[in-house]
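Source file: start.tsv (TSV, C-alpha atoms (C1' of nucleotides))
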```tsv
chain	number	residue	atom	x	y	z
A	1	MET	CA	102.99	120.42	187.21
A	2	ARG	CA	103.30	119.44	183.60
A	3	HIS	CA	100.15	117.80	182.34
A	4	MET	CA	99.47	114.09	182.52
A	5	ASP	CA	96.81	112.27	180.52
A	6	VAL	CA	95.19	109.00	181.49
A	7	VAL	CA	95.23	106.70	178.48
A	8	ASN	CA	94.13	103.43	180.03
A	9	VAL	CA	92.40	102.28	183.19
A	10	VAL	CA	92.06	98.63	184.17
A	11	GLY	CA	89.65	97.40	186.82
A	12	SER	CA	88.52	94.03	188.05
A	13	GLY	CA	85.61	92.66	190.00
A	14	SER	CA	83.50	89.63	190.71
A	15	LEU	CA	79.84	88.77	190.19
A	16	ASP	CA	80.17	86.23	193.01
A	17	VAL	CA	78.35	83.73	190.81
A	18	GLU	CA	79.65	81.12	188.36
A	19	ILE	CA	78.69	81.89	184.77
A	20	GLU	CA	77.82	79.47	181.98
A	21	LEU	CA	79.78	81.30	179.30
A	22	SER	CA	78.35	79.59	176.20
A	23	GLN	CA	74.86	80.29	177.48
A	24	LEU	CA	75.79	83.90	178.19
A	25	VAL	CA	77.14	84.41	174.68
A	26	ASP	CA	74.02	82.86	173.15
A	27	ASP	CA	71.88	85.32	175.08
A	28	LEU	CA	74.01	88.32	174.19
A	29	ASP	CA	73.87	90.24	170.92
A	30	SER	CA	76.61	88.77	168.73
A	31	SER	CA	77.66	92.28	167.76
A	32	ILE	CA	78.88	93.01	171.27
A	33	ALA	CA	80.11	89.61	172.48
A	34	ASP	CA	82.95	87.33	171.40
A	35	TYR	CA	83.83	83.90	172.73
A	36	ASP	CA	86.36	81.41	171.41
A	37	PRO	CA	87.29	79.03	174.24
A	38	ASP	CA	90.02	77.41	172.12
A	39	LYS	CA	91.71	80.76	171.84
A	40	TYR	CA	91.02	82.23	175.27
A	41	PRO	CA	88.85	81.17	178.24
A	42	GLY	CA	87.07	84.50	178.65
A	43	VAL	CA	84.10	86.13	176.93
A	44	TYR	CA	84.82	89.54	175.41
A	45	LEU	CA	82.08	92.12	175.67
A	46	ARG	CA	82.27	95.58	174.13
A	47	PHE	CA	79.14	97.73	173.97
A	48	SER	CA	80.44	99.77	171.03
A	49	ASP	CA	83.61	100.94	169.32
A	50	ASP	CA	85.92	103.09	171.42
A	51	THR	CA	84.40	101.94	174.69
A	52	PRO	CA	86.08	99.72	177.30
A	53	LEU	CA	86.39	95.98	176.77
A	54	ILE	CA	84.96	93.72	179.46
A	55	THR	CA	86.30	90.19	179.77
A	56	ILE	CA	84.13	87.75	181.70
A	57	TYR	CA	85.26	84.40	183.09
A	58	ARG	CA	83.56	81.18	184.11
A	59	THR	CA	84.20	81.98	187.77
A	60	GLY	CA	82.17	85.19	187.56
A	61	LYS	CA	85.24	87.38	187.76
A	62	TYR	CA	85.65	90.04	185.11
A	63	ILE	CA	88.04	92.75	183.92
A	64	VAL	CA	87.36	96.16	182.40
A	65	THR	CA	90.20	97.39	180.17
A	66	GLY	CA	90.70	100.37	177.91
A	67	ALA	CA	88.77	102.94	179.95
A	68	GLU	CA	89.83	106.56	179.63
A	69	SER	CA	89.07	107.37	183.27
A	70	ARG	CA	88.12	105.82	186.56
A	71	GLU	CA	84.61	107.17	186.02
A	72	GLN	CA	84.30	105.56	182.62
A	73	ALA	CA	85.51	102.22	184.00
A	74	HIS	CA	82.83	102.39	186.69
A	75	ARG	CA	80.18	103.53	184.22
A	76	TYR	CA	80.71	100.55	181.94
A	77	ARG	CA	80.97	98.22	184.88
A	78	ASP	CA	77.53	99.45	185.99
A	79	ARG	CA	76.18	99.05	182.50
A	80	PHE	CA	77.54	95.50	182.40
A	81	LEU	CA	75.96	94.62	185.74
A	82	ASN	CA	72.62	96.10	184.68
A	83	LEU	CA	72.68	94.10	181.47
A	84	LEU	CA	73.34	90.84	183.31
A	85	THR	CA	70.59	91.60	185.79
A	86	GLU	CA	68.14	92.39	182.97
A	87	MET	CA	69.09	89.09	181.38
A	88	GLY	CA	68.48	87.29	184.63
A	89	VAL	CA	72.08	86.07	184.85
A	90	THR	CA	72.57	87.86	188.14
A	91	SER	CA	70.14	89.13	190.76
A	92	ASP	CA	71.63	91.36	193.42
A	93	THR	CA	75.01	92.77	192.41
A	94	SER	CA	74.87	95.78	194.73
A	95	ASN	CA	77.51	94.41	197.07
A	96	THR	CA	79.87	92.85	194.53
A	97	SER	CA	83.44	94.07	194.27
A	98	PHE	CA	85.14	96.25	191.69
A	99	THR	CA	88.63	97.72	192.03
A	100	ILE	CA	90.80	99.87	189.79
A	101	GLN	CA	94.00	97.89	189.39
A	102	ASN	CA	96.10	99.86	186.94
A	103	TYR	CA	96.38	103.34	185.50
A	104	VAL	CA	98.49	104.18	182.47
A	105	PHE	CA	99.41	107.83	181.94
A	106	VAL	CA	101.20	109.78	179.24
A	107	ALA	CA	103.18	112.81	180.37
A	108	ASP	CA	105.70	115.12	178.76
A	109	LEU	CA	108.87	116.64	180.22
A	110	GLU	CA	108.72	119.06	177.27
A	111	LYS	CA	112.45	118.81	176.75
A	112	SER	CA	114.60	116.20	175.03
A	113	GLN	CA	116.50	113.94	177.38
A	114	ASN	CA	119.89	112.26	177.43
A	115	LEU	CA	118.84	108.84	178.63
A	116	GLU	CA	122.38	107.69	179.42
A	117	ALA	CA	122.81	110.64	181.80
A	118	LEU	CA	119.31	110.13	183.15
A	119	ALA	CA	120.09	106.54	184.10
A	120	ILE	CA	122.96	107.78	186.26
A	121	GLY	CA	120.98	110.66	187.74
A	122	LEU	CA	118.00	108.53	188.65
A	123	GLY	CA	120.20	105.72	189.89
A	124	LEU	CA	121.53	102.77	187.94
A	125	GLU	CA	119.87	100.36	190.32
A	126	GLN	CA	116.45	101.87	189.69
A	127	THR	CA	116.79	102.15	185.93
A	128	GLU	CA	117.09	99.95	182.89
A	129	TYR	CA	118.16	101.40	179.58
A	130	GLU	CA	118.92	99.10	176.68
A	131	PRO	CA	118.24	101.10	173.50
A	132	GLU	CA	118.83	98.07	171.31
A	133	GLN	CA	116.07	96.26	173.11
A	134	PHE	CA	113.70	99.16	173.65
A	135	PRO	CA	114.16	102.92	173.06
A	136	GLY	CA	112.76	103.97	176.43
A	137	LEU	CA	114.42	104.11	179.82
A	138	VAL	CA	112.62	102.08	182.49
A	139	TYR	CA	112.60	103.76	185.89
A	140	ARG	CA	111.33	101.97	188.98
A	141	PRO	CA	111.22	104.41	191.89
A	142	THR	CA	111.99	102.68	195.18
A	143	ASP	CA	109.32	104.65	197.01
A	144	ALA	CA	106.46	104.42	194.53
A	145	SER	CA	104.55	101.41	193.29
A	146	CYS	CA	104.57	102.30	189.63
A	147	VAL	CA	106.98	102.30	186.71
A	148	LEU	CA	107.99	105.17	184.45
A	149	LEU	CA	109.16	104.81	180.87
A	150	ILE	CA	111.12	107.86	179.77
A	151	PHE	CA	111.95	108.57	176.15
A	152	ALA	CA	114.60	110.76	174.56
A	153	SER	CA	111.87	113.14	173.38
A	154	GLY	CA	110.83	113.76	176.97
A	155	LYS	CA	107.57	111.87	176.56
A	156	THR	CA	106.94	109.68	179.58
A	157	ILE	CA	104.65	106.78	180.35
A	158	ILE	CA	103.62	106.06	183.94
A	159	ALA	CA	102.18	102.58	184.42
A	160	GLY	CA	101.15	100.32	187.24
A	161	ALA	CA	99.72	102.86	189.67
A	162	THR	CA	96.48	101.98	191.43
A	163	SER	CA	95.54	105.61	191.94
A	164	GLU	CA	95.95	108.79	189.93
A	165	GLU	CA	97.62	110.40	192.90
A	166	THR	CA	100.36	107.75	193.08
A	167	ALA	CA	101.22	108.28	189.43
A	168	GLN	CA	101.15	112.07	189.74
A	169	ARG	CA	103.40	112.02	192.78
A	170	ALA	CA	105.85	109.64	191.12
A	171	PHE	CA	106.09	111.88	188.06
A	172	ALA	CA	106.52	115.00	190.20
A	173	ASP	CA	109.19	113.31	192.32
A	174	MET	CA	111.08	112.25	189.23
A	175	GLN	CA	111.04	115.81	187.88
A	176	GLU	CA	112.36	117.01	191.21
A	177	THR	CA	115.23	114.55	191.00
A	178	LEU	CA	116.03	115.77	187.49
A	179	GLU	CA	116.17	119.33	188.76
A	180	GLN	CA	118.48	118.33	191.57
A	181	TYR	CA	120.91	116.83	189.14
A	182	GLN	CA	120.23	119.61	186.66
A	183	LEU	CA	119.40	117.03	184.07
A	184	ASN	CA	116.32	118.75	182.78
B	1	DT	C1'	114.08	96.14	137.89
B	2	DG	C1'	115.74	99.12	141.16
B	3	DT	C1'	115.07	102.26	144.86
B	4	DA	C1'	112.44	104.99	147.78
B	5	DA	C1'	108.60	105.79	150.57
B	6	DC	C1'	105.34	104.05	153.50
B	7	DC	C1'	102.76	100.77	156.37
B	8	DG	C1'	102.18	97.50	159.94
B	9	DC	C1'	104.15	95.20	163.59
B	10	DA	C1'	107.03	93.76	167.60
B	11	DC	C1'	109.76	95.65	171.08
B	12	DT	C1'	108.57	97.26	176.88
B	13	DT	C1'	105.71	98.50	181.16
B	14	DA	C1'	101.67	97.58	184.43
B	15	DT	C1'	97.41	94.90	185.82
B	16	DA	C1'	93.47	91.88	186.58
B	17	DT	C1'	91.71	87.38	184.74
B	18	DA	C1'	91.90	81.77	183.26
B	19	DC	C1'	93.37	77.89	180.96
B	20	DA	C1'	96.83	74.71	178.72
B	21	DA	C1'	101.10	72.66	179.12
B	22	DC	C1'	105.28	72.21	181.07
B	23	DG	C1'	108.89	71.11	184.75
B	24	DC	C1'	109.85	69.56	189.24
B	25	DG	C1'	109.12	67.96	193.65
B	26	DT	C1'	107.18	64.63	196.93
B	27	DG	C1'	104.61	60.80	198.44
B	28	DT	C1'	103.06	56.25	197.69
C	1	DA	C1'	108.39	53.99	189.03
C	2	DC	C1'	104.39	56.46	188.75
C	3	DA	C1'	100.85	59.65	190.05
C	4	DC	C1'	99.54	63.87	191.84
C	5	DG	C1'	99.96	68.62	193.04
C	6	DC	C1'	102.16	72.97	192.66
C	7	DG	C1'	104.70	76.52	190.42
C	8	DT	C1'	105.84	78.78	186.13
C	9	DT	C1'	105.24	80.15	181.36
C	10	DG	C1'	102.77	81.36	177.44
C	11	DT	C1'	98.25	82.69	175.63
C	12	DA	C1'	94.78	87.25	175.38
C	13	DT	C1'	93.18	92.46	176.60
C	14	DA	C1'	93.88	97.72	176.76
C	15	DT	C1'	97.24	101.75	176.30
C	16	DA	C1'	101.03	105.18	175.39
C	17	DA	C1'	105.95	106.02	174.05
C	18	DG	C1'	110.79	104.91	170.17
C	19	DT	C1'	113.18	102.18	167.14
C	20	DG	C1'	113.92	98.87	163.76
C	21	DC	C1'	112.52	95.47	160.75
C	22	DG	C1'	109.99	93.31	157.13
C	23	DG	C1'	106.77	93.67	153.54
C	24	DT	C1'	104.09	96.22	150.12
C	25	DT	C1'	103.42	99.90	146.96
C	26	DA	C1'	104.69	103.41	143.72
C	27	DC	C1'	107.42	105.56	140.59
C	28	DA	C1'	111.31	106.15	137.46
```
Starting from the file, give its structure as structure tokens.
Amino acid sequence: MRHMDVVNVVGSGSLDVEIELSQLVDDLDSSIADYDPDKYPGVYLRFSDDTPLITIYRTGKYIVTGAESREQAHRYRDRFLNLLTEMGVTSDTSNTSFTIQNYVFVADLEKSQNLEALAIGLGLEQTEYEPEQFPGLVYRPTDASCVLLIFASGKTIIAGATSEETAQRAFADMQETLEQYQLN
DNA sequence: TGTAACCGCACTTATATACAACGCGTGT
DNA sequence: ACACGCGTTGTATATAAGTGCGGTTACA
């Protein structure tokens, strides 16, 4: 199979405890935390440049975005929980939830594509291609819960999968369809 | 001053999250 | 007629891909 790279992983979880956000921000190092309730209701926490962003809400729910892998998302989630426990904001977080909600992949068909022909081959009902609106073709497979954006260069984005396997299978299935119609 | 080159940005997709503001419906 | 609740929309976050647009810069 042609290679696929994960470029973004999004996960969400809950601390199961309400958080006083202004207090939390006061206790955090201002270099890692940002909070502007007039602009957005969540607190942004980033440990350092090029690491995932964690957004924390009043309800205790939080999101991890911008991770490069499932492992990295979990690693920074753990680091976040440890920090809150050290600060005394939370006590026992061992049974709190955390789920990967979205994977974004970049793949390459390694061959330029005729998107008009591709729309027909993949099925007009499953595709959207409006080059004046956006240069990529949007493909929504009926049997996979993810979306593929295919570009004339052959570069492809797979978004919305909740597992790496789902995305990989969707990309492989699409390539198979292209072969069937000899579009590749 | 004109033109060319370049930069930054919005376009679209998914997803969790929350809050404001809006429309619309129903009940009082 | 008014109040209340619910649904929806826009706001913000990350991330890649292409195209086109506007603005800025540089040079002749």
Per residue of chain A within 9 Å of chain C, record the nearest atom pair and its distance in Å to one decimal, counting only C-alpha atoms (C1' of nucleotides), with rows in chain order and ascending residue number, as JSON lines.
```
{"residue": "A:Val7", "atom": "CA", "partner": "C:DT15", "partner_atom": "C1'", "distance": 5.8}
{"residue": "A:Asn8", "atom": "CA", "partner": "C:DT15", "partner_atom": "C1'", "distance": 5.1}
{"residue": "A:Val9", "atom": "CA", "partner": "C:DA14", "partner_atom": "C1'", "distance": 8.0}
{"residue": "A:Val10", "atom": "CA", "partner": "C:DA14", "partner_atom": "C1'", "distance": 7.7}
{"residue": "A:Lys39", "atom": "CA", "partner": "C:DT11", "partner_atom": "C1'", "distance": 7.8}
{"residue": "A:Tyr40", "atom": "CA", "partner": "C:DA12", "partner_atom": "C1'", "distance": 6.3}
{"residue": "A:Pro41", "atom": "CA", "partner": "C:DA12", "partner_atom": "C1'", "distance": 9.0}
{"residue": "A:Gly42", "atom": "CA", "partner": "C:DA12", "partner_atom": "C1'", "distance": 8.8}
{"residue": "A:Tyr44", "atom": "CA", "partner": "C:DT13", "partner_atom": "C1'", "distance": 8.9}
{"residue": "A:Pro52", "atom": "CA", "partner": "C:DA14", "partner_atom": "C1'", "distance": 8.1}
{"residue": "A:Leu53", "atom": "CA", "partner": "C:DT13", "partner_atom": "C1'", "distance": 7.7}
{"residue": "A:Ile54", "atom": "CA", "partner": "C:DT13", "partner_atom": "C1'", "distance": 8.8}
{"residue": "A:Thr55", "atom": "CA", "partner": "C:DT13", "partner_atom": "C1'", "distance": 7.9}
{"residue": "A:Ile63", "atom": "CA", "partner": "C:DT13", "partner_atom": "C1'", "distance": 8.9}
{"residue": "A:Val64", "atom": "CA", "partner": "C:DA14", "partner_atom": "C1'", "distance": 8.8}
{"residue": "A:Thr65", "atom": "CA", "partner": "C:DA14", "partner_atom": "C1'", "distance": 5.0}
{"residue": "A:Gly66", "atom": "CA", "partner": "C:DA14", "partner_atom": "C1'", "distance": 4.3}
{"residue": "A:Ala67", "atom": "CA", "partner": "C:DA14", "partner_atom": "C1'", "distance": 8.0}
{"residue": "A:Val104", "atom": "CA", "partner": "C:DT15", "partner_atom": "C1'", "distance": 6.7}
{"residue": "A:Phe105", "atom": "CA", "partner": "C:DA16", "partner_atom": "C1'", "distance": 7.2}
{"residue": "A:Val106", "atom": "CA", "partner": "C:DA16", "partner_atom": "C1'", "distance": 6.0}
{"residue": "A:Pro131", "atom": "CA", "partner": "C:DT19", "partner_atom": "C1'", "distance": 8.2}
{"residue": "A:Glu132", "atom": "CA", "partner": "C:DT19", "partner_atom": "C1'", "distance": 8.1}
{"residue": "A:Gln133", "atom": "CA", "partner": "C:DT19", "partner_atom": "C1'", "distance": 8.9}
{"residue": "A:Phe134", "atom": "CA", "partner": "C:DT19", "partner_atom": "C1'", "distance": 7.2}
{"residue": "A:Pro135", "atom": "CA", "partner": "C:DG18", "partner_atom": "C1'", "distance": 4.9}
{"residue": "A:Gly136", "atom": "CA", "partner": "C:DG18", "partner_atom": "C1'", "distance": 6.6}
{"residue": "A:Leu149", "atom": "CA", "partner": "C:DA17", "partner_atom": "C1'", "distance": 7.6}
{"residue": "A:Ile150", "atom": "CA", "partner": "C:DA17", "partner_atom": "C1'", "distance": 7.9}
{"residue": "A:Phe151", "atom": "CA", "partner": "C:DA17", "partner_atom": "C1'", "distance": 6.8}
{"residue": "A:Ala152", "atom": "CA", "partner": "C:DG18", "partner_atom": "C1'", "distance": 8.2}
{"residue": "A:Ser153", "atom": "CA", "partner": "C:DG18", "partner_atom": "C1'", "distance": 8.9}
{"residue": "A:Lys155", "atom": "CA", "partner": "C:DA17", "partner_atom": "C1'", "distance": 6.6}
{"residue": "A:Thr156", "atom": "CA", "partner": "C:DA17", "partner_atom": "C1'", "distance": 6.7}
{"residue": "A:Ile157", "atom": "CA", "partner": "C:DA16", "partner_atom": "C1'", "distance": 6.3}
{"residue": "A:Ile158", "atom": "CA", "partner": "C:DA16", "partner_atom": "C1'", "distance": 9.0}
```
Check which residues of chain A sit at most 6 Å from chain B using all atoms listed in the file, and return one row each with the closest pair of atoms and their distance in Å to one decimal, ordered by chain and rising number, as CSV.
```
residue,atom,partner,partner_atom,distance
A:Ser12,CA,B:DA16,C1',5.6
A:Pro41,CA,B:DA18,C1',5.9
A:Gln101,CA,B:DT15,C1',5.8
A:Asn102,CA,B:DT15,C1',5.3
A:Phe134,CA,B:DC11,C1',5.9
A:Ala159,CA,B:DA14,C1',5.0
A:Gly160,CA,B:DA14,C1',4.0
```
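Interatomic distance, atom CA of Ser94 of chain A against atom CA of Pro37 of chain A: 29.2 Å.
Taking atom CA of Asp143 of chain A and atom CA of Gln72 of chain A as the two end points, the separation is 28.9 Å.
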Considering all atoms listed in the file, return as a PyMOL selection string whatever protein or nucleic-acid residues lie within 12 Å of segment 86-92 of chain A, sequence-local ones (same chain, fewer than 5 positions apart) excluded.
chain A and resi 14-21+23-29+60+79-81
Between atom CA of Asn95 of chain A and atom CA of Asn82 of chain A lies a distance of 13.4 Å
Env of Thr142 of chain A: 10 Å cut, atoms = all atoms listed in the file, seq-sep filter 4 positions within chain, self excluded. Answer as a ChimeraX atom specification.
/A:125-126,146-147
Across A:Gly154, A:Asp38, A:Thr59, A:His74, the smallest distance to Gln113 of chain A, with all atoms listed in the file counted, is shown by A:Gly154
Between A:Ser97, A:Gln168, A:Gln180, A:Asn114, which has the minimum distance to His3 of chain A (counting all atoms listed in the file)?
A:Gln168
